Amino acid sequence: MKILVTSGGTSEAIDSVRSITNHSTGRLGKIITETLLAAGHEVCLITTKRALKPEAHPNLSIREITNTNDLLLEMQERVADYQVLIHSMAVSDYTPVYMTGLEEVQASSNLEEFLSRQNHEAKISSTDEIQVLFLKKTPKIISLVKEWNPAIHLIGFKLLVDVSENHLIDTARNSLINNQADLIIANDQTHISTDKHRAIFVEKNQLQSVNTKEEIAELLLEKIQAYYL
């Protein structure tokens, strides 16, 4: 089976030396990929330079990206060629547009002007005591997947922080419906550590819980193979 996996976390540049990113290590994506390869599947892993990666394998190809736009272009090109997508990458919700001094913002009455600007400096000056950073929403890539390949088996992830289990499940169900996904794996950051990773598999008519990254990978493999039997 041909499976596309995304893993790690995107990084959005402020200038040539600064960026906004997240704490995703890619460890879960690495374990998922290794489990799929061990079962004989062909995997393409879209990940980032700093993310953890599996060892080289005859059935593994790796594509490195940096930011959300890179990911969008890579997935748009590749999604049509795969039967399954496991979208575990932590994708930035916002990307920097423009940074400027507070005085310039206060002197202007035109917010749209700032939102339309782009940073052109190789390194933004550090002389101002306060800088104002403008952000814009990035595309919700998971919502585009079924447009690119209506037949793909789509598995997404939803991460929240310190919420009730009911809220976590409800949010995952909304993602399942809104993105036409087949499965959403719901996680709460407060229940993730080096050796533990509680997750809830949310499907249309079923909920299942696991407690480690290895269990996530094994249950994913089981569900994918059952779907295509």
# chains A, B, ... in the order shown; residues from 1 in each chain; ligands from 1
call {"tool": "residues_around", "arguments": {"residues": "region 35-48 of chain A", "least_positions_apart": "2", "cutoff": "10 Å", "atoms": "only C-alpha atoms", "output": "number ranges by chain"}}
result
A: 1-11, 25-26, 29-33, 50-54, 57-67, 71, 74-75, 78, 82, 84-89, 214, 217-218, 220-221, 224-225
call {"tool": "residues_around", "arguments": {"residues": "Leu160 (chain A)", "least_positions_apart": "2", "cutoff": "9 Å", "atoms": "only C-alpha atoms", "output": "list in words"}}
result
Lys158, Asp162, Val163, Leu168, Thr171, Ala186, Asn187, Asp188, Gln189 and Thr190 of chain A
call {"tool": "select_by_dssp", "arguments": {"residues": "region 33-148 of chain A", "states": "strand (DSSP E or B)", "output": "PDB file with N, CA and C atoms, in the first residue's frame"}}
result
ATOM      1  N   GLU A  42       4.749   0.950   1.384  1.00  0.00           N
ATOM      2  CA  GLU A  42       5.597   1.975   0.775  1.00  0.00           C
ATOM      3  C   GLU A  42       5.195   3.333   1.356  1.00  0.00           C
ATOM      4  N   VAL A  43       6.173   4.057   1.891  1.00  0.00           N
ATOM      5  CA  VAL A  43       5.869   5.303   2.603  1.00  0.00           C
ATOM      6  C   VAL A  43       6.657   6.471   2.038  1.00  0.00           C
ATOM      7  N   CYS A  44       5.962   7.570   1.834  1.00  0.00           N
ATOM      8  CA  CYS A  44       6.614   8.854   1.574  1.00  0.00           C
ATOM      9  C   CYS A  44       6.398   9.715   2.810  1.00  0.00           C
ATOM     10  N   LEU A  45       7.479  10.172   3.425  1.00  0.00           N
ATOM     11  CA  LEU A  45       7.413  10.987   4.636  1.00  0.00           C
ATOM     12  C   LEU A  45       7.741  12.433   4.283  1.00  0.00           C
ATOM     13  N   ILE A  46       6.757  13.309   4.485  1.00  0.00           N
ATOM     14  CA  ILE A  46       6.994  14.746   4.338  1.00  0.00           C
ATOM     15  C   ILE A  46       7.267  15.293   5.728  1.00  0.00           C
ATOM     16  N   THR A  47       8.446  15.861   5.909  1.00  0.00           N
ATOM     17  CA  THR A  47       8.857  16.278   7.248  1.00  0.00           C
ATOM     18  C   THR A  47       9.773  17.489   7.167  1.00  0.00           C
ATOM     19  N   THR A  48      10.357  17.857   8.273  1.00  0.00           N
ATOM     20  CA  THR A  48      11.222  19.035   8.316  1.00  0.00           C
ATOM     21  C   THR A  48      12.653  18.640   8.633  1.00  0.00           C
ATOM     22  N   LEU A  60      11.105   3.648   1.604  1.00  0.00           N
ATOM     23  CA  LEU A  60      10.892   4.963   2.199  1.00  0.00           C
ATOM     24  C   LEU A  60      11.495   6.064   1.334  1.00  0.00           C
ATOM     25  N   SER A  61      10.697   7.096   1.069  1.00  0.00           N
ATOM     26  CA  SER A  61      11.215   8.330   0.479  1.00  0.00           C
ATOM     27  C   SER A  61      10.892   9.471   1.443  1.00  0.00           C
ATOM     28  N   ILE A  62      11.795  10.427   1.542  1.00  0.00           N
ATOM     29  CA  ILE A  62      11.625  11.556   2.467  1.00  0.00           C
ATOM     30  C   ILE A  62      11.693  12.863   1.694  1.00  0.00           C
ATOM     31  N   ARG A  63      10.719  13.717   1.934  1.00  0.00           N
ATOM     32  CA  ARG A  63      10.688  15.052   1.348  1.00  0.00           C
ATOM     33  C   ARG A  63      10.727  16.072   2.488  1.00  0.00           C
ATOM     34  N   GLU A  64      11.703  16.954   2.471  1.00  0.00           N
ATOM     35  CA  GLU A  64      11.828  17.952   3.528  1.00  0.00           C
ATOM     36  C   GLU A  64      11.203  19.276   3.105  1.00  0.00           C
ATOM     37  N   ILE A  65      10.424  19.859   4.000  1.00  0.00           N
ATOM     38  CA  ILE A  65       9.838  21.172   3.764  1.00  0.00           C
ATOM     39  C   ILE A  65      10.173  22.065   4.965  1.00  0.00           C
ATOM     40  N   VAL A  84      -3.442   6.382   1.229  1.00  0.00           N
ATOM     41  CA  VAL A  84      -3.667   6.784   2.622  1.00  0.00           C
ATOM     42  C   VAL A  84      -2.814   8.014   2.924  1.00  0.00           C
ATOM     43  N   LEU A  85      -3.381   8.963   3.666  1.00  0.00           N
ATOM     44  CA  LEU A  85      -2.612  10.082   4.207  1.00  0.00           C
ATOM     45  C   LEU A  85      -2.744  10.083   5.729  1.00  0.00           C
ATOM     46  N   ILE A  86      -1.605  10.053   6.412  1.00  0.00           N
ATOM     47  CA  ILE A  86      -1.566  10.211   7.867  1.00  0.00           C
ATOM     48  C   ILE A  86      -0.933  11.570   8.142  1.00  0.00           C
ATOM     49  N   HIS A  87      -1.764  12.541   8.457  1.00  0.00           N
ATOM     50  CA  HIS A  87      -1.325  13.937   8.545  1.00  0.00           C
ATOM     51  C   HIS A  87      -1.073  14.303  10.010  1.00  0.00           C
ATOM     52  N   ALA A  90       2.576  19.133  12.770  1.00  0.00           N
ATOM     53  CA  ALA A  90       2.074  20.316  13.478  1.00  0.00           C
ATOM     54  C   ALA A  90       2.252  21.513  12.549  1.00  0.00           C
ATOM     55  N   TYR A  94      -0.632  30.460  11.723  1.00  0.00           N
ATOM     56  CA  TYR A  94      -0.389  31.825  11.254  1.00  0.00           C
ATOM     57  C   TYR A  94       1.045  31.952  10.743  1.00  0.00           C
ATOM     58  N   THR A  95       1.246  32.903   9.823  1.00  0.00           N
ATOM     59  CA  THR A  95       2.582  33.186   9.312  1.00  0.00           C
ATOM     60  C   THR A  95       2.839  34.688   9.392  1.00  0.00           C
ATOM     61  N   PRO A  96       4.070  35.119   9.718  1.00  0.00           N
ATOM     62  CA  PRO A  96       4.367  36.543   9.815  1.00  0.00           C
ATOM     63  C   PRO A  96       4.203  37.255   8.475  1.00  0.00           C
ATOM     64  N   VAL A  97       3.668  38.466   8.535  1.00  0.00           N
ATOM     65  CA  VAL A  97       3.523  39.295   7.346  1.00  0.00           C
ATOM     66  C   VAL A  97       4.477  40.475   7.420  1.00  0.00           C
ATOM     67  N   TYR A  98       4.433  41.197   8.536  1.00  0.00           N
ATOM     68  CA  TYR A  98       5.216  42.435   8.610  1.00  0.00           C
ATOM     69  C   TYR A  98       5.521  42.754  10.062  1.00  0.00           C
ATOM     70  N   MET A  99       6.746  43.214  10.311  1.00  0.00           N
ATOM     71  CA  MET A  99       7.133  43.655  11.644  1.00  0.00           C
ATOM     72  C   MET A  99       7.603  45.094  11.568  1.00  0.00           C
ATOM     73  N   THR A 100       7.176  45.888  12.515  1.00  0.00           N
ATOM     74  CA  THR A 100       7.557  47.298  12.513  1.00  0.00           C
ATOM     75  C   THR A 100       7.576  47.842  13.934  1.00  0.00           C
ATOM     76  N   GLY A 101       8.108  49.040  14.103  1.00  0.00           N
ATOM     77  CA  GLY A 101       8.148  49.672  15.406  1.00  0.00           C
ATOM     78  C   GLY A 101       6.776  50.126  15.862  1.00  0.00           C
ATOM     79  N   GLN A 131       8.630  45.968  19.138  1.00  0.00           N
ATOM     80  CA  GLN A 131       8.295  45.685  17.750  1.00  0.00           C
ATOM     81  C   GLN A 131       6.894  45.086  17.703  1.00  0.00           C
ATOM     82  N   VAL A 132       6.159  45.406  16.663  1.00  0.00           N
ATOM     83  CA  VAL A 132       4.818  44.853  16.457  1.00  0.00           C
ATOM     84  C   VAL A 132       4.875  43.913  15.266  1.00  0.00           C
ATOM     85  N   LEU A 133       4.433  42.690  15.474  1.00  0.00           N
ATOM     86  CA  LEU A 133       4.468  41.673  14.423  1.00  0.00           C
ATOM     87  C   LEU A 133       3.049  41.377  13.953  1.00  0.00           C
ATOM     88  N   PHE A 134       2.814  41.496  12.666  1.00  0.00           N
ATOM     89  CA  PHE A 134       1.518  41.181  12.083  1.00  0.00           C
ATOM     90  C   PHE A 134       1.548  39.763  11.514  1.00  0.00           C
ATOM     91  N   LEU A 135       0.480  39.019  11.782  1.00  0.00           N
ATOM     92  CA  LEU A 135       0.365  37.640  11.319  1.00  0.00           C
ATOM     93  C   LEU A 135      -0.872  37.484  10.452  1.00  0.00           C
ATOM     94  N   LYS A 136      -0.812  36.546   9.524  1.00  0.00           N
ATOM     95  CA  LYS A 136      -2.004  36.222   8.748  1.00  0.00           C
ATOM     96  C   LYS A 136      -2.244  34.719   8.796  1.00  0.00           C
ATOM     97  N   LYS A 137      -3.486  34.344   8.632  1.00  0.00           N
ATOM     98  CA  LYS A 137      -3.892  32.935   8.707  1.00  0.00           C
ATOM     99  C   LYS A 137      -3.284  32.156   7.551  1.00  0.00           C
TER     100      LYS A 137
END
call {"tool": "select_by_dssp", "arguments": {"residues": "region 3-216 of chain A", "states": "helix (DSSP H, G or I)", "output": "JSON, numbers by chain"}}
result
{"A": [27, 28, 29, 30, 31, 32, 33, 34, 35, 36, 37, 38, 68, 69, 70, 71, 72, 73, 74, 75, 76, 77, 78, 79, 80, 81, 102, 103, 104, 105, 106, 107, 111, 112, 113, 114, 115, 141, 142, 143, 144, 145, 146, 147, 148, 165, 166, 167, 168, 169, 170, 171, 172, 173, 174, 175, 176, 177, 178, 213, 214, 215, 216]}
call {"tool": "residues_around", "arguments": {"residues": "Asn178 (chain A)", "least_positions_apart": "3", "cutoff": "12 Å", "atoms": "only C-alpha atoms", "output": "list in words"}}
result
Lys140, Ile142, Ser143, Leu144, Val145, Lys146, Gly156, Thr171, Ala172, Arg173, Asn174, Ser175, Ala181, Asp182, Leu183 and Ile184 of chain A
call {"tool": "closest_residue", "arguments": {"among": "A:Val210, A:Leu72, A:Ala56, A:Val91", "to": "Ile20 (chain A)", "atoms": "only C-alpha atoms"}}
result
A:Val91
call {"tool": "atom_distance", "arguments": {"atom1": "CA of Ile200 (chain A)", "atom2": "CA of Thr138 (chain A)"}}
result
26.4 Å
call {"tool": "closest_residue", "arguments": {"among": "A:Ile192, A:Ile185, A:Leu102, A:Ile177", "to": "Leu207 (chain A)", "atoms": "only C-alpha atoms"}}
result
A:Ile185
call {"tool": "closest_residue", "arguments": {"among": "A:Val202, A:Glu147, A:Ile216, A:Asp195", "to": "Gln76 (chain A)", "atoms": "only C-alpha atoms"}}
result
A:Glu147
call {"tool": "atom_distance", "arguments": {"atom1": "CA of Ile141 (chain A)", "atom2": "CA of Ser19 (chain A)"}}
result
20.3 Å
call {"tool": "closest_residue", "arguments": {"among": "A:Ile130, A:Ile124, A:Val105, A:Leu28", "to": "Phe157 (chain A)", "atoms": "only C-alpha atoms"}}
result
A:Leu28
